[in-house]
Structure formats: C-alpha cells, structure tokens
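Here is input.tsv, consisting of TSV, C-alpha atoms and all ligand atoms:
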chain	number	residue	atom	x	y	z
A	740	MET	CA	24.05	7.41	-14.76
A	741	PRO	CA	26.35	5.54	-17.17
A	742	THR	CA	25.07	2.10	-18.11
A	743	THR	CA	27.52	-0.45	-19.46
A	744	HIS	CA	26.51	-4.05	-19.88
A	745	ALA	CA	29.24	-6.67	-19.55
A	746	PRO	CA	29.89	-8.65	-22.75
A	747	LEU	CA	27.23	-11.31	-23.30
A	748	ASP	CA	28.24	-14.64	-21.79
A	749	PRO	CA	25.38	-17.21	-21.92
A	750	HIS	CA	27.27	-19.64	-19.68
A	751	ALA	CA	27.73	-16.96	-17.01
A	752	ILE	CA	24.03	-16.04	-17.28
A	753	ARG	CA	22.98	-19.68	-16.79
A	754	ALA	CA	25.36	-19.97	-13.82
A	755	ARG	CA	24.01	-16.75	-12.30
A	756	LEU	CA	20.42	-17.90	-12.78
A	757	ALA	CA	21.21	-20.95	-10.68
A	758	THR	CA	22.03	-18.60	-7.78
A	759	ARG	CA	18.82	-16.58	-8.11
A	760	PRO	CA	15.97	-17.16	-5.65
A	761	LEU	CA	13.94	-19.17	-8.15
A	762	PRO	CA	13.07	-22.89	-8.15
A	763	GLY	CA	15.73	-24.74	-10.20
A	764	ILE	CA	13.18	-25.95	-12.71
A	765	GLU	CA	11.94	-22.38	-13.28
A	766	ALA	CA	15.48	-21.01	-13.63
A	767	ALA	CA	16.20	-23.63	-16.30
A	768	ALA	CA	12.91	-22.93	-18.08
A	769	ILE	CA	13.49	-19.16	-18.37
A	770	ALA	CA	17.21	-19.30	-19.22
A	771	ASP	CA	16.74	-18.94	-22.99
A	772	SER	CA	14.40	-15.93	-22.51
A	773	VAL	CA	16.82	-14.24	-20.12
A	774	ILE	CA	19.76	-14.77	-22.49
A	775	ALA	CA	17.69	-13.40	-25.41
A	776	ILE	CA	16.76	-10.31	-23.37
A	777	GLU	CA	20.37	-9.76	-22.30
A	778	ARG	CA	21.50	-9.98	-25.93
A	779	LEU	CA	18.81	-7.52	-27.04
A	780	LYS	CA	19.69	-5.09	-24.24
A	781	ARG	CA	23.23	-4.91	-25.60
A	782	GLU	CA	22.10	-4.57	-29.22
A	783	ARG	CA	19.61	-1.82	-28.40
A	784	ASP	CA	21.65	-0.04	-25.71
A	785	ALA	CA	18.72	-0.64	-23.38
A	786	ILE	CA	18.09	-1.01	-19.67
A	787	VAL	CA	15.18	-2.64	-17.85
A	788	LEU	CA	13.75	-0.73	-14.89
A	789	ALA	CA	11.62	-2.99	-12.70
A	790	HIS	CA	9.14	-1.96	-10.04
A	791	ASN	CA	9.15	-3.74	-6.68
A	792	TYR	CA	5.85	-5.41	-7.65
A	793	MET	CA	7.34	-7.35	-10.56
A	794	THR	CA	7.40	-11.13	-10.28
A	795	PRO	CA	10.70	-12.68	-9.09
A	796	ASP	CA	11.51	-14.10	-12.54
A	797	ILE	CA	11.83	-10.50	-13.79
A	798	TYR	CA	12.97	-8.77	-10.59
A	799	HIS	CA	15.90	-11.13	-9.94
A	800	THR	CA	17.03	-11.77	-13.52
A	801	VAL	CA	16.75	-9.14	-16.29
A	802	ALA	CA	16.15	-6.00	-14.19
A	803	ASP	CA	19.09	-3.59	-14.34
A	804	PHE	CA	17.55	-1.46	-11.61
A	805	THR	CA	14.68	-2.08	-9.20
A	806	GLY	CA	12.76	0.25	-6.94
A	807	ASP	CA	9.58	2.13	-6.16
A	808	SER	CA	8.12	4.73	-8.50
A	809	LEU	CA	10.30	7.56	-7.12
A	810	ALA	CA	13.49	5.55	-7.53
A	811	LEU	CA	12.53	4.50	-11.05
A	812	ALA	CA	11.76	8.13	-12.00
A	813	GLN	CA	15.16	9.22	-10.62
A	814	LEU	CA	16.95	6.42	-12.49
A	815	ALA	CA	15.11	7.22	-15.72
A	816	ALA	CA	16.04	10.90	-15.37
A	817	THR	CA	19.77	10.16	-15.25
A	818	THR	CA	20.35	7.12	-17.44
A	819	ASP	CA	22.44	7.46	-20.58
A	820	ALA	CA	21.05	4.24	-22.09
A	821	ARG	CA	19.28	4.95	-25.39
A	822	VAL	CA	16.26	2.77	-24.55
A	823	ILE	CA	14.38	2.31	-21.28
A	824	VAL	CA	12.10	-0.72	-20.93
A	825	MET	CA	9.67	-0.08	-18.09
A	826	ALA	CA	8.79	-3.29	-16.26
A	827	GLY	CA	5.95	-1.59	-14.48
A	828	VAL	CA	2.69	0.08	-15.47
A	829	HIS	CA	1.93	2.70	-18.09
A	830	PHE	CA	2.10	5.81	-15.89
A	831	MET	CA	5.62	4.77	-14.82
A	832	ALA	CA	6.68	4.56	-18.47
A	833	GLU	CA	5.15	7.99	-19.08
A	834	THR	CA	6.97	9.38	-16.03
A	835	ALA	CA	10.25	7.99	-17.38
A	836	LYS	CA	9.60	9.69	-20.74
A	837	ILE	CA	8.71	12.96	-19.01
A	838	ALA	CA	11.86	12.77	-16.87
A	839	ASN	CA	14.15	11.94	-19.81
A	840	PRO	CA	12.48	12.88	-23.13
A	841	ALA	CA	15.59	12.11	-25.20
A	842	ARG	CA	15.28	8.39	-24.43
A	843	THR	CA	13.07	5.86	-26.18
A	844	VAL	CA	10.75	4.43	-23.52
A	845	LEU	CA	9.01	1.10	-24.11
A	846	ILE	CA	6.17	-0.50	-22.17
A	847	PRO	CA	5.90	-4.24	-22.86
A	848	ASP	CA	2.08	-4.26	-22.60
A	849	LEU	CA	-0.03	-1.19	-23.38
A	850	GLU	CA	-2.84	-2.56	-21.21
A	851	ALA	CA	-0.69	-2.37	-18.05
A	852	GLY	CA	-2.73	0.43	-16.50
A	853	CYS	CA	-3.64	1.47	-12.97
A	854	SER	CA	-6.99	2.05	-11.25
A	855	LEU	CA	-5.65	5.25	-9.70
A	856	ALA	CA	-4.43	6.67	-13.00
A	857	ALA	CA	-7.76	5.76	-14.60
A	858	SER	CA	-9.76	7.58	-11.90
A	859	ILE	CA	-9.01	11.12	-13.07
A	860	THR	CA	-8.41	13.16	-16.24
A	861	GLY	CA	-6.80	16.48	-17.01
A	862	ALA	CA	-10.29	17.97	-17.47
A	863	ASP	CA	-11.21	16.86	-13.92
A	864	VAL	CA	-8.17	18.71	-12.56
A	865	ARG	CA	-9.06	21.86	-14.50
A	866	ARG	CA	-12.56	21.74	-12.96
A	867	LEU	CA	-11.07	21.36	-9.46
A	868	LYS	CA	-8.73	24.31	-10.03
A	869	ALA	CA	-11.70	26.43	-11.12
A	870	GLN	CA	-13.58	25.35	-8.00
A	871	TYR	CA	-10.63	26.09	-5.67
A	872	PRO	CA	-8.74	28.97	-7.32
A	873	GLY	CA	-5.19	29.46	-6.11
A	874	VAL	CA	-5.07	26.21	-4.12
A	875	PRO	CA	-1.94	24.22	-5.11
A	876	VAL	CA	-2.43	20.80	-6.70
A	877	VAL	CA	-0.26	17.92	-5.48
A	878	THR	CA	-0.58	14.88	-7.69
A	879	TYR	CA	0.52	11.35	-6.93
A	880	VAL	CA	2.77	9.99	-9.68
A	881	ASN	CA	0.17	7.28	-10.34
A	882	THR	CA	-1.51	9.53	-12.92
A	883	SER	CA	-1.41	10.22	-16.65
A	884	ALA	CA	0.81	12.89	-18.20
A	885	ASP	CA	-2.33	15.00	-18.83
A	886	VAL	CA	-3.09	15.07	-15.11
A	887	LYS	CA	0.52	15.79	-14.15
A	888	ALA	CA	0.54	18.67	-16.65
A	889	GLU	CA	-2.32	20.34	-14.74
A	890	SER	CA	-0.52	19.94	-11.39
A	891	ASP	CA	1.85	22.14	-9.42
A	892	VAL	CA	3.97	19.29	-8.11
A	893	CYS	CA	3.97	15.50	-8.12
A	894	CYS	CA	4.58	13.21	-5.16
A	895	THR	CA	5.02	9.54	-4.35
A	896	SER	CA	3.84	7.70	-1.26
A	897	GLY	CA	7.40	8.08	0.05
A	898	ASN	CA	7.52	11.86	-0.11
A	899	ALA	CA	3.86	13.02	-0.11
A	900	VAL	CA	3.99	14.46	3.42
A	901	GLU	CA	7.21	16.38	2.77
A	902	ILE	CA	5.95	17.71	-0.55
A	903	VAL	CA	2.72	19.01	1.00
A	904	ASN	CA	4.65	20.57	3.89
A	905	ALA	CA	7.16	22.14	1.50
A	906	LEU	CA	4.36	24.10	-0.20
A	907	GLY	CA	3.55	25.96	3.04
A	908	SER	CA	-0.08	26.39	1.96
A	909	ASP	CA	-3.14	26.26	4.26
A	910	ARG	CA	-5.06	24.19	1.72
A	911	VAL	CA	-3.86	21.65	-0.83
A	912	ILE	CA	-5.72	19.69	-3.49
A	913	PHE	CA	-4.36	16.13	-3.27
A	914	LEU	CA	-4.99	13.77	-6.20
A	915	PRO	CA	-6.14	11.12	-6.89
A	916	ASP	CA	-5.84	8.54	-4.06
A	917	GLN	CA	-8.39	9.23	-1.35
A	918	TYR	CA	-6.67	6.88	1.13
A	919	LEU	CA	-3.17	8.23	0.64
A	920	GLY	CA	-4.72	11.72	0.80
A	921	ARG	CA	-6.44	10.95	4.13
A	922	TRP	CA	-3.22	9.55	5.55
A	923	VAL	CA	-1.30	12.65	4.41
A	924	ALA	CA	-4.04	14.81	5.98
A	925	SER	CA	-3.39	13.05	9.30
A	926	GLN	CA	0.32	13.98	9.11
A	927	VAL	CA	0.20	17.65	8.03
A	928	ARG	CA	-1.35	20.94	9.17
A	929	ALA	CA	-2.77	21.90	5.77
A	930	GLN	CA	-6.40	21.15	4.93
A	931	ILE	CA	-6.44	18.45	2.23
A	932	ILE	CA	-9.05	18.49	-0.53
A	933	LEU	CA	-9.45	14.90	-1.77
A	934	TRP	CA	-10.38	13.11	-4.98
A	935	HIS	CA	-12.18	9.75	-4.92
A	936	GLY	CA	-9.56	7.50	-6.58
A	937	ALA	CA	-8.33	4.26	-5.02
A	938	CYS	CA	-5.87	1.48	-5.74
A	939	GLU	CA	-7.85	-1.66	-6.49
A	940	VAL	CA	-5.17	-3.78	-4.80
A	941	HIS	CA	-4.67	-1.89	-1.53
A	942	GLU	CA	-8.33	-1.03	-0.94
A	943	ARG	CA	-9.14	-4.76	-0.69
A	944	PHE	CA	-7.28	-5.14	2.63
A	945	THR	CA	-9.36	-4.85	5.80
A	946	GLY	CA	-8.61	-4.16	9.45
A	947	ALA	CA	-10.41	-7.40	10.41
A	948	GLU	CA	-8.02	-9.39	8.19
A	949	LEU	CA	-5.02	-7.87	9.97
A	950	ARG	CA	-6.48	-8.50	13.43
A	951	ALA	CA	-6.84	-12.14	12.40
A	952	TYR	CA	-3.14	-12.23	11.47
A	953	ARG	CA	-2.24	-10.90	14.93
A	954	GLN	CA	-4.32	-13.62	16.57
A	955	GLN	CA	-2.85	-16.38	14.41
A	956	HIS	CA	0.81	-15.26	14.58
A	957	ALA	CA	1.93	-14.14	18.05
A	958	GLY	CA	4.28	-11.14	17.86
A	959	ILE	CA	3.78	-10.52	14.14
A	960	ARG	CA	4.57	-6.99	12.96
A	961	ILE	CA	2.28	-5.30	10.47
A	962	ILE	CA	3.59	-2.74	7.99
A	963	ALA	CA	1.23	-1.14	5.51
A	964	HIS	CA	1.24	0.99	2.40
A	965	PRO	CA	-0.63	4.30	2.78
A	966	GLU	CA	-2.87	3.47	-0.20
A	967	CYS	CA	-4.74	1.15	2.23
A	968	PRO	CA	-8.01	2.23	3.89
A	969	PRO	CA	-7.86	3.93	7.32
A	970	ASP	CA	-9.02	0.86	9.30
A	971	VAL	CA	-6.02	-1.03	7.87
A	972	LEU	CA	-3.56	1.73	8.68
A	973	ALA	CA	-4.94	1.88	12.23
A	974	GLU	CA	-3.76	-1.72	12.73
A	975	ALA	CA	-0.26	-1.12	11.35
A	976	ASP	CA	2.98	-0.82	13.34
A	977	TYR	CA	4.42	1.22	10.48
A	978	VAL	CA	2.94	3.04	7.47
A	979	GLY	CA	5.16	3.86	4.52
A	980	SER	CA	6.03	3.57	0.86
A	981	THR	CA	7.37	0.38	-0.64
A	982	LYS	CA	10.92	1.64	-0.05
A	983	GLY	CA	9.99	2.71	3.47
A	984	MET	CA	8.64	-0.78	4.16
A	985	ILE	CA	11.78	-2.45	2.80
A	986	ASP	CA	13.98	-0.17	4.94
A	987	TRP	CA	11.80	-0.83	8.00
A	988	VAL	CA	12.29	-4.60	7.68
A	989	GLY	CA	16.07	-4.07	7.33
A	990	GLN	CA	16.20	-1.87	10.43
A	991	HIS	CA	13.87	-3.87	12.70
A	992	ARG	CA	14.56	-7.42	11.47
A	993	PRO	CA	11.24	-8.73	12.81
A	994	ARG	CA	10.76	-12.44	13.48
A	995	SER	CA	7.59	-12.36	11.40
A	996	VAL	CA	5.97	-9.61	9.39
A	997	VAL	CA	3.06	-9.01	7.07
A	998	MET	CA	3.67	-6.43	4.34
A	999	VAL	CA	0.27	-5.03	3.52
A	1000	THR	CA	0.85	-4.31	-0.15
A	1001	GLU	CA	1.04	-6.07	-3.50
A	1002	CYS	CA	2.15	-9.61	-2.79
A	1003	SER	CA	5.12	-9.97	-5.18
A	1004	MET	CA	6.98	-7.44	-3.03
A	1005	SER	CA	7.12	-9.90	-0.12
A	1006	ASP	CA	8.55	-12.54	-2.48
A	1007	ASN	CA	11.29	-10.14	-3.58
A	1008	VAL	CA	12.12	-8.68	-0.16
A	1009	ALA	CA	12.10	-12.09	1.60
A	1010	VAL	CA	15.22	-13.06	-0.35
A	1011	GLU	CA	17.25	-10.39	1.48
A	1012	HIS	CA	15.89	-11.33	4.91
A	1013	PRO	CA	16.13	-15.10	5.46
A	1014	GLY	CA	15.70	-14.64	9.24
A	1015	THR	CA	12.24	-13.12	8.87
A	1016	GLU	CA	9.06	-15.05	8.17
A	1017	PHE	CA	6.90	-13.17	5.65
A	1018	VAL	CA	3.19	-13.85	6.04
A	1019	ARG	CA	1.73	-13.10	2.61
A	1020	PRO	CA	-1.80	-11.98	1.94
A	1021	CYS	CA	-1.79	-12.46	-1.81
A	1022	ASN	CA	-3.37	-9.40	-3.39
A	1023	LEU	CA	-1.85	-9.21	-6.86
A	1024	CYS	CA	-2.01	-6.18	-9.14
A	1025	PRO	CA	-3.46	-7.45	-12.43
A	1026	HIS	CA	-1.84	-4.54	-14.29
A	1027	MET	CA	1.67	-5.20	-12.99
A	1028	LYS	CA	1.23	-8.88	-13.77
A	1029	ARG	CA	0.71	-8.11	-17.46
A	1030	ILE	CA	4.48	-7.61	-17.68
A	1031	THR	CA	6.27	-10.88	-18.40
A	1032	LEU	CA	9.68	-12.03	-19.57
A	1033	ASP	CA	8.09	-12.86	-22.94
A	1034	ASN	CA	6.69	-9.40	-23.55
A	1035	ILE	CA	9.91	-7.74	-22.32
A	1036	ARG	CA	11.75	-9.76	-24.99
A	1037	LEU	CA	9.17	-8.82	-27.64
A	1038	ALA	CA	9.40	-5.17	-26.62
A	1039	LEU	CA	13.14	-5.18	-27.27
A	1040	GLU	CA	12.89	-7.29	-30.42
A	1041	HIS	CA	10.28	-5.08	-32.09
A	1042	MET	CA	10.92	-1.83	-30.19
A	1043	GLN	CA	7.31	-1.86	-28.98
A	1044	HIS	CA	5.31	-0.19	-27.47
A	1045	GLU	CA	6.95	3.20	-27.58
A	1046	VAL	CA	5.53	5.74	-25.15
A	1047	THR	CA	5.02	9.16	-26.71
A	1048	ILE	CA	3.62	12.29	-25.11
A	1049	ASP	CA	2.54	15.54	-26.75
A	1050	PRO	CA	5.63	17.77	-26.25
A	1051	ALA	CA	3.59	20.65	-24.80
A	1052	VAL	CA	1.91	18.33	-22.28
A	1053	ALA	CA	5.22	16.66	-21.50
A	1054	ALA	CA	6.91	20.01	-20.81
A	1055	ARG	CA	4.19	21.03	-18.32
A	1056	ALA	CA	4.14	17.58	-16.70
A	1057	ARG	CA	7.91	17.71	-16.43
A	1058	ARG	CA	7.74	20.88	-14.34
A	1059	ALA	CA	5.60	19.02	-11.79
A	1060	VAL	CA	7.88	15.97	-11.78
A	1061	ASP	CA	11.05	18.08	-11.60
A	1062	ARG	CA	9.66	20.10	-8.70
A	1063	MET	CA	9.06	16.84	-6.82
A	1064	LEU	CA	12.59	15.59	-7.58
A	1065	GLU	CA	14.07	18.94	-6.47
A	1066	ILE	CA	12.13	19.00	-3.19
A	1067	SER	CA	12.99	15.32	-2.56
A	1068	ALA	CA	16.67	15.97	-3.21
A	1069	SER	CA	16.79	19.11	-1.06
A	1070	ARG	CA	15.11	17.32	1.85
A	1071	LYS	CA	16.90	14.01	1.23
A	1072	VAL	CA	13.50	12.30	1.11
A	1073	ALA	CA	13.64	8.76	-0.28
A	1101	LIG	S1	-0.90	-1.73	-7.27
A	1101	LIG	FE1	-2.59	-0.24	-7.34
A	1101	LIG	S2	-1.55	1.75	-7.56
A	1101	LIG	FE2	-0.07	0.15	-8.16
A	1101	LIG	S3	-0.33	-0.08	-10.36
A	1101	LIG	FE3	-1.65	-1.63	-9.40
A	1101	LIG	S4	-3.65	-0.60	-9.29
A	1101	LIG	FE4	-2.13	1.02	-9.64
Any chance you could give the structure as structure tokens?
Ligand code: SF4
Amino acid sequence: MPTTHAPLDPHAIRARLATRPLPGIEAAAIADSVIAIERLKRERDAIVLAHNYMTPDIYHTVADFTGDSLALAQLAATTDARVIVMAGVHFMAETAKIANPARTVLIPDLEAGCSLAASITGADVRRLKAQYPGVPVVTYVNTSADVKAESDVCCTSGNAVEIVNALGSDRVIFLPDQYLGRWVASQVRAQIILWHGACEVHERFTGAELRAYRQQHAGIRIIAHPECPPDVLAEADYVGSTKGMIDWVGQHRPRSVVMVTECSMSDNVAVEHPGTEFVRPCNLCPHMKRITLDNIRLALEHMQHEVTIDPAVAARARRAVDRMLEISASRKVA
C-alpha cells in the first residue's frame, strides 16, 4: 500500500480541522500538535494507524488509516511507509511488527496494555497443548507475540467463527477471551475449550442495563461486541466485531441505537450517521486512552517506543497471523 503524504500546508490543516467533528475551541487548541505531527510524519516517512476506540481528536485528525484490529493488521502488512505509529494498544503494535517486520513500529505509551493480553502467557499455551495433544489452538489477536507463537492460527472478533470452521476440527482450544469463546461455541459445531480471560471494558456491561435502555428508549436497537457476557449478548439485536457493528448501522440506519462496546467508537461512528441517535453507555478502555496527541508527537520526535520481538518468536507468531489473513482473504471475511 503506497503512502504519500501531501506537502505540508499548515493553513490547509487548520482549515481542515475546522471541518472535523470537534468543538471549535478544541480544534483550535490542538492545531499546533496536529501540524507538528503532520510535519514529523513527512520527515520520518511515517503513518499513524488508529483503532476505532481512539478519541475523536486522534481518529479524525492525524490518523492515516482507521479500523478494527484485523483492518489495522492488514494495513500494517502492506504499507510501504518506513515507520508505523500504532494509535492503539501494545498487542496491536506487536501484530503490526509481526505482519511487517521490515518496518519500524512505535507505540506512543508502553503501558497501553490489554486485560485480555495480560491474562495468558506462552507457557500457559504450552501447558494447554500438553493437556489436549493435537487439538488446534485458535488465538484472538488480543495476545502477546509469545502466545501467538504457540498458536496454530489467530483470529479477530470479526472472523473467529470462520477461522474455527475453516479448521474442520471436532475440538478447538480458543484463547483467551472466555466470552468471545462462548459466543463462537454457540455458532460452530466444534467443541470449544476455553481460557478464563476477559476484556475489562466489555465484561462490565450487564443484561439488566440493556433492558433499562429498551424501557427508556422505545424502539432502540442494541448491537453488541462478542467480548460481552452472555446475558448481554442475549439482549442484542446484532452481535459482531467493531467493523460489523459499523456496517450494521450503515445498513439498518436505526433511529436510535446503543453500541455495546468501548464508548469512543460511538463518538466516531456518530459523525457518519447524523440521522441516528447514539445512546452511549460510557465504558472507556483505560489502555486505549493512554494514547494521546501529545505522546504520538513525542513518539515521532524521539522515535519511541520501538516495538521489537525476538526474531524466532516473531517468525512463529507470523505463521499464525498469516494463516488468519489467508483464511480471511479466501473467505472474504472482514
Ligand atoms: S477494550 Fe478490552 S480488549 Fe480492547 S484493549 Fe481495552 S481491555 Fe483490551
């Protein structure tokens, strides 16, 4: 994917900022930071990849590409930019490095972690494989490179069902999200062996909370991420990945909707759908929120914090990521 930035034009950037979905006072306040980042991107031959959970001041200004973790992995795999700044969490930066090892990958804050990634280690996976010999291991991308390296294939919430089905196995070890794993188990014939990880953002939602939304907002549609607990998914009109949820809103154009996921996504998606009222339960991911315009600028200024992976681990992890990308491409799964 060739990446060419237009010549730097601070006046054009300020004019464009005025059209962004940000309060005028905020757009004015961040203009100098955005111009500095745009200048540094050109000097470093860098791109910024931003996850859908980034705050609007990042998502709508300095991001060259936005998307869910699958889309960001695909973009990272094909970019010809020398430097990738991951406006997301650490496992996403690792996945970008695994997918495109020739690039320099920077994460603006090393503490931008993930409760799912922290729930399991490579040693845990080796123990599971010893306990269930021959059973394929499907690993959610929200994991460290060590865990990916022990896996047969990776998946995202958008393609987990297709990946499990593509293996054609009677039993599958599915790691590490117990709720995504249970939802996948409800969609496939294979027996799913679960791990006990959970997303600290999605597991806070409750079915009772969603029933209250239905009572308070007549006709509201509920769409939920499969990292939510089963009682939440039981209340949902649609269950899908962040991209699946965005597509669903575009196709159904509901009068009002609640997106049961990290709350910045509603802020970002609402911009494209002025006819839809977004009811926003505000569960923020503290790890995603560690990424700011200031630390993106510092990352580019000082080329920090570079993500490195042991080459042997990266090569094994890459097999699992590549297998996912190949299956996704062959089945046209988004
Ligand atoms: S929202 Fe959940 S799964 Fe995503 S990075 Fe935050 S803790 Fe991890």
Computed interatomic separation between atom CA of Asp976 of chain A and atom CA of Gly1014 of chain A (Å):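 It comes out at 19.2 Å.
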Taking all atoms listed in the file into account, list the residues no farther than 8 Å from ligand LIG 1101 (chain A), as a PyMOL selection string. chain A and resi 792+827-828+852-856+881+937-941+966+1000-1001+1023-1027
I'd like the interatomic distance between atom CA of Phe944 of chain A and atom CA of Ala924 of chain A, to a tenth of an Å. 20.5 Å
Record the distance separating atom CA of Ser808 of chain A and atom CA of Asp986 of chain A, expressed in Å with one decimal.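 Computed distance, atom CA of Ser808 of chain A to atom CA of Asp986 of chain A, equals 15.5 Å.
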All residues 8 Å or closer to Arg1036 of chain A, only C-alpha atoms, same chain fewer than 4 positions away omitted, as a list in words: Ser772, Ala775, Ile776, Leu779, Leu1032 and Glu1040 of chain A
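Nearest to Ile912 of chain A of all the residues A:Thr818, A:Ser995, A:Thr981, A:Gln930 is A:Gln930, based on only C-alpha atoms.
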I want to know what sits within 6 Å of Thr895 of chain A, based on all atoms listed in the file, with residues of the same chain fewer than 4 positions away left out; could you give that as an MDAnalysis selection string? chainID A and resid 879:880 899
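Minimum distance to Ala1038 of chain A across A:Gly763, A:Thr743, A:Leu845, A:Glu777 (counting all atoms listed in the file) occurs at A:Leu845.
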Protein/DNA/RNA residues near (0.5, -8.8, 4.6), cut 8 Å, all atoms listed in the file, as an MDAnalysis selection string: chainID A and resid 949 961:963 996:1000 1002 1017:1021
Quick one: everything within 12 Å of Ser896 of chain A, counting all atoms listed in the file, minus sequence neighbours fewer than 5 positions away in the same chain. Send it as a PyMOL selection string. chain A and resi 807-810+877-881+901-903+913-916+918-920+922-923+963-967+978-984+1063+1067+1072-1073
Nearest to Leu1039 of chain A among A:Val1060, A:Ala835, A:Cys894, A:Val787, with distances taken over all atoms listed in the file: which residue is it? A:Val787
Near-Val874 of chain A list (9 Å; only C-alpha atoms; drop same-chain fewer than 2 positions) as a PyMOL selection string: chain A and resi 868+871-872+876+908-912
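When all atoms listed in the file are used to compute distances to Ala812 of chain A, the closest of the residues A:Ala862, A:Ile837, A:Val844, A:Val824 turns out to be A:Ile837.
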Set the distance at 9 Å and use only C-alpha atoms: which residues neighbour Pro1050 of chain A once local chain neighbours fewer than 4 positions away are removed? I'd like the list as a VMD selection string. chain A and resid 840 1054 to 1055
Same residues, C-alpha atoms, output as a CSV table (one decimal), in the coordinates of the input:
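Final output, saved to selection16.csv:
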chain,number,residue,atom,x,y,z
A,840,PRO,CA,12.5,12.9,-23.1
A,1054,ALA,CA,6.9,20.0,-20.8
A,1055,ARG,CA,4.2,21.0,-18.3
When distances are computed from all atoms listed in the file, which of A:Ala816, A:Val927, A:Ala785, A:Met825 shows the smallest separation from Asp1061 of chain A?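 Using all atoms listed in the file, the shortest distance to Asp1061 of chain A belongs to A:Ala816.
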